[in-house]
Protein chains: 2
Amino acid sequence: MIEVLRAVLPDGRAVVLSGPSFAQEVAAGLPAALVAASSDAAAAGLVQTTLGGDRLRIYTSDDPVGVCVGGALKNVVAIAAGCCDGFGLGTSARAALITRGLAEMGRLADRKGGHPLTLAGLAGLGDLVLTCTGDLSRNRQVGLALARGESTVEILVKLGHVAEGVGTARTASALAERLGVDMPITREVAAVLFDGKPARAALTDLLARDLRAERA
Amino acid sequence: MIEVLRAVLPDGRAVVLSGPSFAQEVAAGLPAALVAASSDAAAAGLVQTTLGGDRLRIYTSDDPVGVCVGGALKNVVAIAAGCCDGFGLGTSARAALITRGLAEMGRLADRKGGHPLTLAGLAGLGDLVLTCTGDLSRNRQVGLALARGESTVEILVKLGHVAEGVGTARTASALAERLGVDMPITREVAAVLFDGKPARAALTDLLARDLRAERA
């Protein structure tokens with residue numbers, strides 16, 4: 001999205017605001033912490049001081065690319081986490097999936113010129129954890145429905161809301177292939193949603209990848 | 001712990017095995033992924049091939065220090081997360097706490113000679129997410145009890161199990177002060193557990209820290 005904003009706002013003052021924040025919780029006045037990211041530090045600071053307060057803490061960042069990758073990709077990993085929960089694979093497996101999900105998000109951010117540490121922050125890890133474990137997450141609900149054997153069309157009709165991760169899975173999977181970035185979770189989610197691959201087979205393929213070094 | 005192992009096993013073949021894995025889930029044959037870390041790659045590989053299998057995936061790592069810091073400190077952050085849940089502050093606030101918790105774990109690991117990326121992996125982020133969100137976590141239960149106003153002694157007597165994070169909070173807080181590492185969550189948890197600071201005041205202090213840049 002930052003690439004679109006840069007094309008229409010050539011003075012570079014685009015700021016992206018992202019991070020773990022269910023709208024219902026923020027509206028209820030519960031505490032939350034977000035990131036305002038821009039290549040223009042003054043613009044990010046303006047968002048920080050204008051929108052931030054006691055309850056809504058806003059941190060600044062100079063990495064809008066990393067923040068955008070985090071905000072988009074976490075929805076895809078949440079679909080996989082919902083599948084994992086739907087099949088009753090347990091919270092240990094879900095934690096592993098979240099961790100490997102963050103690793104592939106970091107690879108894409110790095111390839112797009114973002115900073116890997118951004119993905120370890122609120123707009124990466126923070127938002128990923130919330131989306132993958134919170135019952136208010138629509139993307140997680142999509143994964144639960146896939147595990148029940150529902151088709152993508154059925155799910156979208158019943159949901160009646162936007163579940164961003166559905167479209168993002170296809171776009172990000174194609175982007176990863178074009179850029180030569182290894183994103184197995186995104187690829188399997190796209191295969192389940194758009195190519196009719198059974199969700200259980202996709203999860204099995206993910207869990208059966210070769211043993212190797214963690215940072216390899 | 002790796003420092004103790006190195007003192008008693010001077011040939012350097014100590015391997016630490018850690019990561020997101022509730023014992024009940026592993027015993028039930030559910031999938032989990034762990035890290036075997038050693039400065040001796042052959043020793044780590046031996047643990048990987050001997051204990052690993054289809055269900056229990058084991059990745060190798062050359063960073064036992066980072067893995068040990070992750071395994072110990074995640075328990076302290078889980079106590080804070082339990083407090084946050086106990087006061088009904090919502091899942092967005094909990095996600096922010098988890099994120100800032102991982103950041104301070106990374107600072108300690110870095111200061112002790114570990115690799116910051118280890119903390120973004122299974123033995124850091126993965127285990128942290130599991131411990132902070134899973135209902136099977138004893139450390140999270142300690143935080144819930146603190147939010148109910150119970151004293152440390154009451155909690156430990158009723159729990160009847162080891163909740164590692166209680167002792168770790170005090171040790172890690174003292175270590176951080178000695179090494180000059182900023183660990184506000186660990187410090188506040190120790191203050192609540194051992195100095196009688198009210199849990200709500202501690203959480204308020206954590207959420208009210210000055211606005212600043214995320215990576216500052």
# chains A, B, ... in the order shown; residues from 1 in each chain; ligands from 1

call {"tool": "calpha_fit_and_write", "arguments": {"fixed": "chain A", "moving": "chain B", "output": "JSON list (two decimals) with C-alpha atoms, in the first residue's frame"}}
result
[["chain", "number", "residue", "atom", "x", "y", "z"],
["B", 1, "MET", "CA", 0.02, -0.02, 0.02],
["B", 2, "ILE", "CA", 2.89, 2.37, 0.70],
["B", 3, "GLU", "CA", 3.90, 2.04, -2.96],
["B", 4, "VAL", "CA", 0.43, 3.22, -4.00],
["B", 5, "LEU", "CA", 0.56, 6.10, -1.51],
["B", 6, "ARG", "CA", 3.99, 7.15, -2.73],
["B", 7, "ALA", "CA", 2.70, 7.23, -6.31],
["B", 8, "VAL", "CA", -0.16, 9.57, -5.42],
["B", 9, "LEU", "CA", 1.61, 11.57, -2.70],
["B", 10, "PRO", "CA", 4.98, 12.28, -4.30],
["B", 11, "ASP", "CA", 6.08, 14.65, -1.51],
["B", 12, "GLY", "CA", 6.70, 11.55, 0.62],
["B", 13, "ARG", "CA", 4.54, 12.60, 3.56],
["B", 14, "ALA", "CA", 2.50, 9.38, 3.61],
["B", 15, "VAL", "CA", 2.18, 7.85, 7.09],
["B", 16, "VAL", "CA", 0.89, 4.34, 7.74],
["B", 17, "LEU", "CA", -0.70, 3.56, 11.10],
["B", 18, "SER", "CA", -0.83, -0.09, 12.07],
["B", 19, "GLY", "CA", -0.54, -2.48, 14.99],
["B", 20, "PRO", "CA", -2.53, -4.75, 17.30],
["B", 21, "SER", "CA", -5.91, -3.09, 17.80],
["B", 22, "PHE", "CA", -9.33, -4.68, 17.60],
["B", 23, "ALA", "CA", -11.66, -1.77, 16.79],
["B", 24, "GLN", "CA", -14.16, -2.85, 19.45],
["B", 25, "GLU", "CA", -11.48, -2.70, 22.15],
["B", 26, "VAL", "CA", -10.12, 0.69, 21.07],
["B", 27, "ALA", "CA", -13.66, 2.09, 20.89],
["B", 28, "ALA", "CA", -14.29, 0.82, 24.43],
["B", 29, "GLY", "CA", -11.31, 2.85, 25.67],
["B", 30, "LEU", "CA", -9.09, -0.15, 26.41],
["B", 31, "PRO", "CA", -5.32, 0.38, 26.05],
["B", 32, "ALA", "CA", -3.58, -0.33, 22.74],
["B", 33, "ALA", "CA", -0.20, 0.48, 21.17],
["B", 34, "LEU", "CA", 0.34, 1.22, 17.47],
["B", 35, "VAL", "CA", 3.08, 2.30, 15.09],
["B", 36, "ALA", "CA", 3.01, 5.41, 12.86],
["B", 37, "ALA", "CA", 5.55, 4.84, 10.10],
["B", 38, "SER", "CA", 6.84, 7.26, 7.48],
["B", 39, "SER", "CA", 10.04, 8.16, 5.68],
["B", 40, "ASP", "CA", 9.19, 11.69, 6.92],
["B", 41, "ALA", "CA", 9.88, 11.74, 10.66],
["B", 42, "ALA", "CA", 7.94, 14.98, 11.20],
["B", 43, "ALA", "CA", 4.84, 13.53, 9.56],
["B", 44, "ALA", "CA", 5.04, 10.39, 11.72],
["B", 45, "GLY", "CA", 5.52, 12.57, 14.81],
["B", 46, "LEU", "CA", 2.44, 14.61, 13.89],
["B", 47, "VAL", "CA", 0.31, 11.45, 13.77],
["B", 48, "GLN", "CA", 1.85, 10.34, 17.06],
["B", 49, "THR", "CA", 1.03, 13.53, 18.96],
["B", 50, "THR", "CA", -2.35, 14.17, 17.27],
["B", 51, "LEU", "CA", -3.90, 10.72, 17.66],
["B", 52, "GLY", "CA", -1.93, 9.28, 20.58],
["B", 53, "GLY", "CA", -2.87, 9.58, 24.21],
["B", 54, "ASP", "CA", -2.94, 7.79, 27.55],
["B", 55, "ARG", "CA", -4.87, 4.81, 26.24],
["B", 56, "LEU", "CA", -3.74, 4.73, 22.62],
["B", 57, "ARG", "CA", 0.07, 4.73, 22.66],
["B", 58, "ILE", "CA", 1.63, 5.51, 19.29],
["B", 59, "TYR", "CA", 5.28, 4.74, 18.54],
["B", 60, "THR", "CA", 7.01, 6.19, 15.47],
["B", 61, "SER", "CA", 8.96, 4.22, 12.87],
["B", 62, "ASP", "CA", 10.90, 5.11, 9.72],
["B", 63, "ASP", "CA", 9.90, 1.86, 7.98],
["B", 64, "PRO", "CA", 6.50, 2.10, 6.27],
["B", 65, "VAL", "CA", 7.37, -0.86, 4.01],
["B", 66, "GLY", "CA", 7.91, -3.22, 6.94],
["B", 67, "VAL", "CA", 4.76, -1.94, 8.66],
["B", 68, "CYS", "CA", 2.68, -2.50, 5.49],
["B", 69, "VAL", "CA", 4.04, -6.02, 4.99],
["B", 70, "GLY", "CA", 3.22, -6.86, 8.61],
["B", 71, "GLY", "CA", -0.30, -5.48, 8.44],
["B", 72, "ALA", "CA", -1.14, -7.36, 5.24],
["B", 73, "LEU", "CA", 0.57, -10.71, 5.74],
["B", 74, "LYS", "CA", -0.54, -11.34, 9.32],
["B", 75, "ASN", "CA", -4.05, -11.97, 7.96],
["B", 76, "VAL", "CA", -2.82, -14.86, 5.83],
["B", 77, "VAL", "CA", -1.00, -16.51, 8.74],
["B", 78, "ALA", "CA", -4.17, -16.08, 10.84],
["B", 79, "ILE", "CA", -6.09, -18.17, 8.30],
["B", 80, "ALA", "CA", -3.51, -20.94, 8.73],
["B", 81, "ALA", "CA", -3.71, -20.58, 12.52],
["B", 82, "GLY", "CA", -7.50, -20.89, 12.34],
["B", 83, "CYS", "CA", -7.10, -24.14, 10.35],
["B", 84, "CYS", "CA", -4.66, -25.42, 12.95],
["B", 85, "ASP", "CA", -7.16, -24.68, 15.73],
["B", 86, "GLY", "CA", -10.02, -26.10, 13.68],
["B", 87, "PHE", "CA", -8.26, -29.45, 13.38],
["B", 88, "GLY", "CA", -7.53, -29.44, 17.13],
["B", 89, "LEU", "CA", -3.76, -29.54, 16.67],
["B", 90, "GLY", "CA", -3.16, -27.69, 19.95],
["B", 91, "THR", "CA", -1.65, -24.43, 21.08],
["B", 92, "SER", "CA", 1.98, -25.63, 20.76],
["B", 93, "ALA", "CA", 1.50, -26.25, 17.02],
["B", 94, "ARG", "CA", -0.23, -22.88, 16.66],
["B", 95, "ALA", "CA", 2.70, -21.14, 18.39],
["B", 96, "ALA", "CA", 5.12, -22.83, 15.97],
["B", 97, "LEU", "CA", 2.99, -21.73, 13.02],
["B", 98, "ILE", "CA", 2.93, -18.14, 14.26],
["B", 99, "THR", "CA", 6.71, -18.18, 14.64],
["B", 100, "ARG", "CA", 7.35, -19.61, 11.17],
["B", 101, "GLY", "CA", 4.75, -17.19, 9.79],
["B", 102, "LEU", "CA", 6.62, -14.22, 11.22],
["B", 103, "ALA", "CA", 9.83, -15.57, 9.67],
["B", 104, "GLU", "CA", 8.33, -15.62, 6.18],
["B", 105, "MET", "CA", 6.78, -12.18, 6.68],
["B", 106, "GLY", "CA", 10.26, -10.93, 7.60],
["B", 107, "ARG", "CA", 11.74, -12.46, 4.43],
["B", 108, "LEU", "CA", 9.24, -10.61, 2.23],
["B", 109, "ALA", "CA", 9.73, -7.33, 4.12],
["B", 110, "ASP", "CA", 13.49, -7.65, 3.75],
["B", 111, "ARG", "CA", 13.19, -8.33, 0.01],
["B", 112, "LYS", "CA", 10.94, -5.26, -0.38],
["B", 113, "GLY", "CA", 13.44, -3.01, 1.43],
["B", 114, "GLY", "CA", 11.84, -3.05, 4.88],
["B", 115, "HIS", "CA", 13.72, -3.50, 8.15],
["B", 116, "PRO", "CA", 13.57, -7.04, 9.63],
["B", 117, "LEU", "CA", 13.26, -5.61, 13.16],
["B", 118, "THR", "CA", 10.00, -3.87, 12.23],
["B", 119, "LEU", "CA", 8.43, -7.31, 11.94],
["B", 120, "ALA", "CA", 9.53, -8.07, 15.50],
["B", 121, "GLY", "CA", 7.57, -5.03, 16.67],
["B", 122, "LEU", "CA", 3.94, -4.01, 17.16],
["B", 123, "ALA", "CA", 3.02, -3.97, 13.45],
["B", 124, "GLY", "CA", 4.54, -7.42, 12.89],
["B", 125, "LEU", "CA", 4.64, -9.74, 15.87],
["B", 126, "GLY", "CA", 2.14, -7.75, 17.92],
["B", 127, "ASP", "CA", -0.55, -7.67, 15.27],
["B", 128, "LEU", "CA", 0.20, -11.27, 14.24],
["B", 129, "VAL", "CA", -0.29, -12.57, 17.78],
["B", 130, "LEU", "CA", -3.55, -10.68, 18.15],
["B", 131, "THR", "CA", -4.95, -11.81, 14.81],
["B", 132, "CYS", "CA", -3.92, -15.45, 15.27],
["B", 133, "THR", "CA", -5.22, -15.88, 18.82],
["B", 134, "GLY", "CA", -8.12, -13.43, 19.23],
["B", 135, "ASP", "CA", -11.64, -14.69, 18.72],
["B", 136, "LEU", "CA", -12.60, -11.34, 17.18],
["B", 137, "SER", "CA", -10.37, -12.04, 14.16],
["B", 138, "ARG", "CA", -12.31, -12.59, 10.94],
["B", 139, "ASN", "CA", -9.33, -14.17, 9.22],
["B", 140, "ARG", "CA", -8.98, -16.76, 11.96],
["B", 141, "GLN", "CA", -12.70, -17.52, 11.48],
["B", 142, "VAL", "CA", -11.99, -18.23, 7.79],
["B", 143, "GLY", "CA", -9.39, -20.82, 8.82],
["B", 144, "LEU", "CA", -11.78, -22.45, 11.29],
["B", 145, "ALA", "CA", -14.37, -22.74, 8.49],
["B", 146, "LEU", "CA", -11.80, -24.23, 6.08],
["B", 147, "ALA", "CA", -11.02, -26.88, 8.70],
["B", 148, "ARG", "CA", -14.76, -27.70, 8.81],
["B", 149, "GLY", "CA", -14.51, -28.42, 5.07],
["B", 150, "GLU", "CA", -16.39, -25.34, 3.87],
["B", 151, "SER", "CA", -15.52, -23.94, 0.43],
["B", 152, "THR", "CA", -14.07, -20.46, -0.07],
["B", 153, "VAL", "CA", -17.29, -19.26, -1.70],
["B", 154, "GLU", "CA", -19.47, -20.60, 1.15],
["B", 155, "ILE", "CA", -17.20, -18.95, 3.72],
["B", 156, "LEU", "CA", -17.19, -15.56, 2.05],
["B", 157, "VAL", "CA", -20.98, -15.57, 1.60],
["B", 158, "LYS", "CA", -21.63, -16.54, 5.24],
["B", 159, "LEU", "CA", -19.02, -14.16, 6.66],
["B", 160, "GLY", "CA", -20.62, -11.06, 5.18],
["B", 161, "HIS", "CA", -17.53, -9.03, 6.15],
["B", 162, "VAL", "CA", -14.22, -8.45, 4.46],
["B", 163, "ALA", "CA", -11.61, -11.02, 5.47],
["B", 164, "GLU", "CA", -8.56, -9.33, 4.00],
["B", 165, "GLY", "CA", -6.36, -12.38, 4.21],
["B", 166, "VAL", "CA", -8.28, -14.21, 1.47],
["B", 167, "GLY", "CA", -7.32, -11.78, -1.28],
["B", 168, "THR", "CA", -3.91, -11.16, 0.27],
["B", 169, "ALA", "CA", -3.04, -14.88, 0.22],
["B", 170, "ARG", "CA", -3.31, -15.00, -3.57],
["B", 171, "THR", "CA", -1.54, -11.69, -4.18],
["B", 172, "ALA", "CA", 1.26, -12.37, -1.73],
["B", 173, "SER", "CA", 1.78, -15.91, -2.98],
["B", 174, "ALA", "CA", 2.21, -14.65, -6.55],
["B", 175, "LEU", "CA", 4.47, -11.82, -5.35],
["B", 176, "ALA", "CA", 6.65, -14.23, -3.37],
["B", 177, "GLU", "CA", 7.04, -16.50, -6.37],
["B", 178, "ARG", "CA", 7.94, -13.58, -8.63],
["B", 179, "LEU", "CA", 10.53, -12.26, -6.14],
["B", 180, "GLY", "CA", 11.93, -15.70, -5.30],
["B", 181, "VAL", "CA", 11.01, -15.45, -1.59],
["B", 182, "ASP", "CA", 10.19, -18.71, 0.20],
["B", 183, "MET", "CA", 6.75, -18.31, 1.84],
["B", 184, "PRO", "CA", 5.40, -21.81, 2.43],
["B", 185, "ILE", "CA", 2.51, -20.85, 4.74],
["B", 186, "THR", "CA", 1.22, -18.18, 2.36],
["B", 187, "ARG", "CA", 1.57, -20.58, -0.57],
["B", 188, "GLU", "CA", -0.38, -23.36, 1.18],
["B", 189, "VAL", "CA", -3.15, -20.98, 2.31],
["B", 190, "ALA", "CA", -3.55, -19.75, -1.28],
["B", 191, "ALA", "CA", -3.62, -23.35, -2.54],
["B", 192, "VAL", "CA", -6.41, -24.24, -0.09],
["B", 193, "LEU", "CA", -8.46, -21.11, -0.83],
["B", 194, "PHE", "CA", -8.07, -20.98, -4.61],
["B", 195, "ASP", "CA", -6.89, -24.37, -5.93],
["B", 196, "GLY", "CA", -9.13, -26.65, -3.87],
["B", 197, "LYS", "CA", -6.24, -28.25, -1.97],
["B", 198, "PRO", "CA", -7.63, -29.98, 1.16],
["B", 199, "ALA", "CA", -6.74, -27.97, 4.27],
["B", 200, "ARG", "CA", -5.51, -31.03, 6.16],
["B", 201, "ALA", "CA", -3.09, -31.95, 3.37],
["B", 202, "ALA", "CA", -1.78, -28.37, 3.33],
["B", 203, "LEU", "CA", -1.13, -28.40, 7.09],
["B", 204, "THR", "CA", 0.54, -31.82, 6.86],
["B", 205, "ASP", "CA", 2.82, -30.52, 4.11],
["B", 206, "LEU", "CA", 3.76, -27.53, 6.27],
["B", 207, "LEU", "CA", 4.54, -29.65, 9.33],
["B", 208, "ALA", "CA", 6.48, -32.26, 7.34],
["B", 209, "ARG", "CA", 9.12, -29.96, 5.88],
["B", 210, "ASP", "CA", 12.66, -31.26, 6.27],
["B", 211, "LEU", "CA", 14.51, -30.85, 9.53],
["B", 212, "ARG", "CA", 17.03, -28.05, 9.29],
["B", 213, "ALA", "CA", 18.70, -25.16, 11.08],
["B", 214, "GLU", "CA", 16.22, -22.56, 12.35],
["B", 215, "ARG", "CA", 17.81, -19.59, 10.60],
["B", 216, "ALA", "CA", 18.59, -21.51, 7.37]]

call {"tool": "select_by_dssp", "arguments": {"residues": "region 85-171 of chain B", "states": "alpha helix (DSSP H)", "output": "number ranges by chain"}}
result
B: 85-86, 91-111, 116-119, 127-133, 138-147, 152-159, 164-171

call {"tool": "write_last_selection", "arguments": {"atoms": "C-alpha atoms", "output": "short mmCIF file (atom, residue, chain, number, x, y, z; two decimals), in the first residue's frame"}}
result
data_model
loop_
_atom_site.label_atom_id
_atom_site.label_comp_id
_atom_site.auth_asym_id
_atom_site.auth_seq_id
_atom_site.Cartn_x
_atom_site.Cartn_y
_atom_site.Cartn_z
CA ASP B 85 -6.03 -10.32 31.27
CA GLY B 86 -7.04 -10.33 34.93
CA THR B 91 -6.35 -8.65 23.77
CA SER B 92 -4.89 -5.59 22.00
CA ALA B 93 -3.13 -4.50 25.21
CA ARG B 94 -1.92 -8.06 25.77
CA ALA B 95 -0.48 -8.19 22.24
CA ALA B 96 1.38 -4.92 22.89
CA LEU B 97 2.74 -6.30 26.16
CA ILE B 98 3.94 -9.48 24.45
CA THR B 99 5.69 -7.40 21.79
CA ARG B 100 7.42 -5.10 24.27
CA GLY B 101 8.28 -8.16 26.36
CA LEU B 102 10.04 -9.79 23.44
CA ALA B 103 11.96 -6.55 22.87
CA GLU B 104 13.35 -6.55 26.41
CA MET B 105 14.15 -10.27 26.22
CA GLY B 106 16.11 -9.50 23.04
CA ARG B 107 18.04 -6.73 24.80
CA LEU B 108 19.15 -9.08 27.57
CA ALA B 109 20.06 -11.85 25.10
CA ASP B 110 22.12 -9.39 23.07
CA ARG B 111 23.94 -8.15 26.18
CA PRO B 116 18.78 -11.20 18.54
CA LEU B 117 17.18 -13.33 15.79
CA THR B 118 17.02 -16.32 18.13
CA LEU B 119 14.44 -14.41 20.15
CA ASP B 127 7.36 -19.97 23.45
CA LEU B 128 6.38 -16.45 24.58
CA VAL B 129 3.15 -16.52 22.58
CA LEU B 130 2.24 -19.94 23.93
CA THR B 131 2.99 -19.06 27.54
CA CYS B 132 1.18 -15.70 27.41
CA THR B 133 -1.99 -16.93 25.71
CA ARG B 138 1.08 -21.70 35.24
CA ASN B 139 2.87 -18.36 34.99
CA ARG B 140 -0.15 -16.75 33.35
CA GLN B 141 -2.24 -18.13 36.25
CA VAL B 142 0.07 -16.31 38.69
CA GLY B 143 -0.66 -13.04 36.88
CA LEU B 144 -4.41 -13.66 36.96
CA ALA B 145 -4.18 -14.24 40.73
CA LEU B 146 -2.13 -11.05 41.23
CA ALA B 147 -4.87 -9.12 39.42
CA THR B 152 2.69 -13.89 46.33
CA VAL B 153 2.69 -16.28 49.28
CA GLU B 154 -1.03 -17.11 48.87
CA ILE B 155 -0.52 -17.73 45.16
CA LEU B 156 2.45 -20.03 45.59
CA VAL B 157 0.72 -22.05 48.32
CA LYS B 158 -2.48 -22.49 46.27
CA LEU B 159 -0.65 -23.24 43.01
CA GLU B 164 9.31 -20.55 37.23
CA GLY B 165 8.62 -16.94 36.40
CA VAL B 166 8.31 -15.94 40.06
CA GLY B 167 11.93 -16.68 40.91
CA THR B 168 13.10 -15.61 37.47
CA ALA B 169 11.50 -12.17 37.83
CA ARG B 170 13.69 -11.33 40.82
CA THR B 171 16.88 -12.82 39.38
#
